[in-house]
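S.K.: Here you go, one structure.
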Amino acid sequence: MKTKFICCIACIIYTFKLIAGDIYVSPQGNDKAAGTRRFPLQTLEQAIKKAREWRRLQSPEIAGGINIILEEGIYQPNKPLFIRPEDSGTSESPTIITAAPDARVILSGGVPVTHWQQGSNDSRITPSLRKEIWVAEAPRMGNRVLETRQMWVNGAKAQRAAQFPDGVMERMIDFNPEEETITIPTPQTAGLNAASQVEMIVHQRWAIAILRVKEMIAEGTNTIVRFHEPESRLEFAHPWPQPVIDGEKGNSSFCLVNALELLDQPGEWYQDYPSGRIYYYPRPHEDMTKAQVIIPALETLLTISGTLERPVRNIRFQNISFEHTSWMRPSYQGHVTLQGGFHLLDAYKLQIPGLPEKAELENQAWIGRPEAAIQVKCGSHIDFDHCTFQHLAATGVDYERAVSNSVIENCLFTDIGGTGLLVGTFPDGGFETHVPYKPFHEQELCTGITIRNNLIEEVTNEDWGGVGIGAGYVKNIHIVHNEVCHVNYSGICVGWGWTLLESGMSGNRIEGNYVHHFARRLYDAGGLYTLSNQPGSVMRNNRIEHLIDAPYATNDRAFYIYFDEATDGYTVENNWCPSERFDSNRPGPHNVWKKNGPQVDESIKQKAGRVTVGGVSQPRIIIKTK
């Protein structure tokens, strides 16, 4: 009997140790508390530090893993959360950061804008609208007024004051690289040529440019526009992509934004500089005395960063919503892109074409990576499950480099300014982007990433050239049973480099996805889009439909499947789409096509997309005119 009693006590103690690694956090907690359910901590940062100390000291609480449990509420860090190698778990003892059961947990980089006052006598506002405009002072962060390019009212993104309604543009008259000018029809808005913060959004085939206006000179019905540096030289020096004049379907288009003089539609807003004062024209149903108005204070919410020698391992996020991040670089440097939202650091046309790696190359370019709300570098088993990523201004989640064996599944990506989910190396900085990437250490490549059962919709709403899911130099990536829809350029893109040469990419799998309502604003696009040599890769059992007739495209180059330059190594089979609208650009010799188009079996079509309970796919078909 005594022996049984001792064994029972030992079992209880062992069980306690296995479950003792729980750390509780609540917005109403206290960072000096014990971190128990009764006495929770207040910040996730302090909880991560507590878990780090447990691991450093090899405390008994780490047996069986550490659970950081977030109670209901909004968590607003004042700097990006930083998870480092010392925070790593193990396969037997992972760190799981999760919402409490049935709790709605939001990690937000935003701050509220309050004390709105109705009416403004500012002479820049049309007299008939002055009583309709509401005004508030921007919050201060430290000793500075907070600047922003994004604002959400009751959860809906507001539109920066613009020349035309959202999605509407006007054809330019001339694009002059020698003079570094764009000629446009003279705007009808009075006083616009004197506004100091005007920007021009330029439509250039598969990308956009955001150019800060330096000068507007009206010459009757035409106006000549010049731009600030550094974007002016970049815009006119780089040959691909530039605006088209006399294109197949007309000249390229533009829209002017960000002037108080342009504030004339409900849902538009403007922030003045240097005062920071914010002006807003409410939508009919909005009561500004009660509205929740949020502007972002952080560009990045979470950075998980290790090294090749000491990666971050075994961290999992569950049931958390990541919200409200900013994207400010265009306000300071403009934004001239090459493709996929990657901005140019330098680019120009070669007078004598050719590089050793590519004899016919006529231009060189060096790129920078887009900003991201969640950044992951040098990690393994960094997972996200049932998380939401919304109200984010640039990239949502970015597995940048040397990330392996990680899973992102059952997540929602929506209302994102750039790419929803980005994976892999797109060599930036001093690495010329057309030279094949051969990393010194093979583990630099992202490998073994699984992207499964996610809904990615309404992304690319600021940089239209972003994509739903974008993968660069990757190996053995599995993109399976996702739904990607309502994007302005391409849906799922894999590959980089424009080359048939070997670069480490191989074994990539794009299978069972549902892509629809894509290419809404830009062309040279694909529902499924690839680049370069990727031996042993497959593209099968996908459903692609609702290719949009982009209103300002200068040609008809958009396809359900597009093998862009030097794509090779793919087996393409049983992909359903309403017609065989496919194309390729100098593909390699090792692609195999088998039965793609409307003749694909109906059962394959119906199984594409997210998998719901019971393994039955229920693709959503939502037709939007926006």
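Just so we're on the same page: first chain in the structure tokens is A, next is B, and so on; residues restart at 1 for each chain, and ligands are numbered from 1 in the order they show up.
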I'd like the neighbourhood of Ala218 of chain A as a ChimeraX atom specification, where a residue qualifies if any of its atoms comes within 9 Å (using only C-alpha atoms), though same-chain residues fewer than 3 positions away should be ignored.
M.R.: /A:186-187,193,221-225
S.K.: Tyr75 of chain A: which residues within 10 Å, counting only C-alpha atoms, same-chain residues fewer than 5 positions away excluded, as a list in words?
M.R.: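 My list of contacting residues is Val25, Ser26, Pro27, Gln42, Thr43, Leu44, Leu70, Val105, Ile106, Leu107, Ser108, Gly109, Gly110 and Phe322 of chain A.
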S.K.: As JSON, numbers by chain, please: the residues near segment 366-371 of chain A (cut-off 7 Å, only C-alpha atoms, same-chain neighbours under 6 positions excluded).
M.R.: {"A": [341, 342, 343, 344, 345, 346, 347, 394, 395, 428, 429, 430, 431, 432, 433]}
S.K.: Rank nothing, just name the residue among A:Gln197, A:Asn508, A:Ser584, A:Ser232 nearest to Glu179 of chain A, using only C-alpha atoms.
M.R.: A:Ser232
S.K.: For atom CA of Trp498 of chain A and atom CA of His590 of chain A, quote the distance in Å rounded to one decimal.
M.R.: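 That distance, rounded to one decimal, is 15.8 Å.
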S.K.: Neighbouring residues of Thr388 of chain A were defined as those with any atom within 7 Å, considering only C-alpha atoms; residues of the same chain fewer than 6 positions away were excluded. Please report them as number ranges by chain.
M.R.: A: 320-322, 411-413
S.K.: Using DSSP on the backbone coordinates, identify the residues of segment 120-342 of chain A assigned to helix (DSSP H, G or I); present them as a list in words.
M.R.: Pro127, Ser128, Leu129, Leu192, Asn193, Ala194, Glu231, Ser232, Arg233, Leu234, Glu235, Phe236, Ala237, Leu260, Glu261, Leu262, Arg329, Pro330, Ser331, Tyr332 and Gln333 of chain A
S.K.: With C-alpha atoms kept, could you save the residues just selected as a PDB file, in the first residue's frame?
M.R.:
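Saved result, again.pdb, follows:
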```
ATOM      1  CA  PRO A 127     -16.160  75.490 -49.444  1.00  0.00           C
ATOM      2  CA  SER A 128     -19.231  73.297 -49.845  1.00  0.00           C
ATOM      3  CA  LEU A 129     -17.459  70.409 -48.079  1.00  0.00           C
ATOM      4  CA  LEU A 192      -3.131  71.303 -56.796  1.00  0.00           C
ATOM      5  CA  ASN A 193       0.093  72.590 -58.365  1.00  0.00           C
ATOM      6  CA  ALA A 194       0.877  74.396 -55.085  1.00  0.00           C
ATOM      7  CA  GLU A 231      12.886  57.950 -57.290  1.00  0.00           C
ATOM      8  CA  SER A 232      13.077  60.279 -60.301  1.00  0.00           C
ATOM      9  CA  ARG A 233      16.344  58.851 -61.607  1.00  0.00           C
ATOM     10  CA  LEU A 234      15.279  55.288 -60.852  1.00  0.00           C
ATOM     11  CA  GLU A 235      11.946  55.670 -62.603  1.00  0.00           C
ATOM     12  CA  PHE A 236      13.403  57.022 -65.815  1.00  0.00           C
ATOM     13  CA  ALA A 237      16.713  55.083 -65.908  1.00  0.00           C
ATOM     14  CA  LEU A 260      -6.031  68.242 -48.997  1.00  0.00           C
ATOM     15  CA  GLU A 261      -7.342  69.775 -52.210  1.00  0.00           C
ATOM     16  CA  LEU A 262      -8.254  66.241 -53.348  1.00  0.00           C
ATOM     17  CA  ARG A 329       9.311  54.335 -47.070  1.00  0.00           C
ATOM     18  CA  PRO A 330       7.428  55.827 -50.070  1.00  0.00           C
ATOM     19  CA  SER A 331       6.943  59.037 -48.086  1.00  0.00           C
ATOM     20  CA  TYR A 332      10.705  59.437 -47.763  1.00  0.00           C
ATOM     21  CA  GLN A 333      12.127  57.771 -50.886  1.00  0.00           C
TER      22      GLN A 333
END
```
S.K.: Would you please work out which residue, of A:Phe559, A:Tyr348, A:Tyr399, A:Tyr552, is nearest to Gly247 of chain A when using only C-alpha atoms?
M.R.: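 Nearest to Gly247 of chain A: A:Tyr552.
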S.K.: Let's see if you can do this: from backbone DSSP, list all strand (DSSP E or B) residues in segment 259-354 of chain A, as number ranges by chain.
M.R.: A: 268-271, 278-280, 293-296, 302-305, 312-318, 320-323, 335-339, 342-349
S.K.: Taking 6 positions as the minimum chain separation for residues in the same chain, which residues sit within 9 Å of Asn513 of chain A when counting only C-alpha atoms? Answer as a ChimeraX atom specification.
M.R.: /A:453,479-484,540-544,607-610
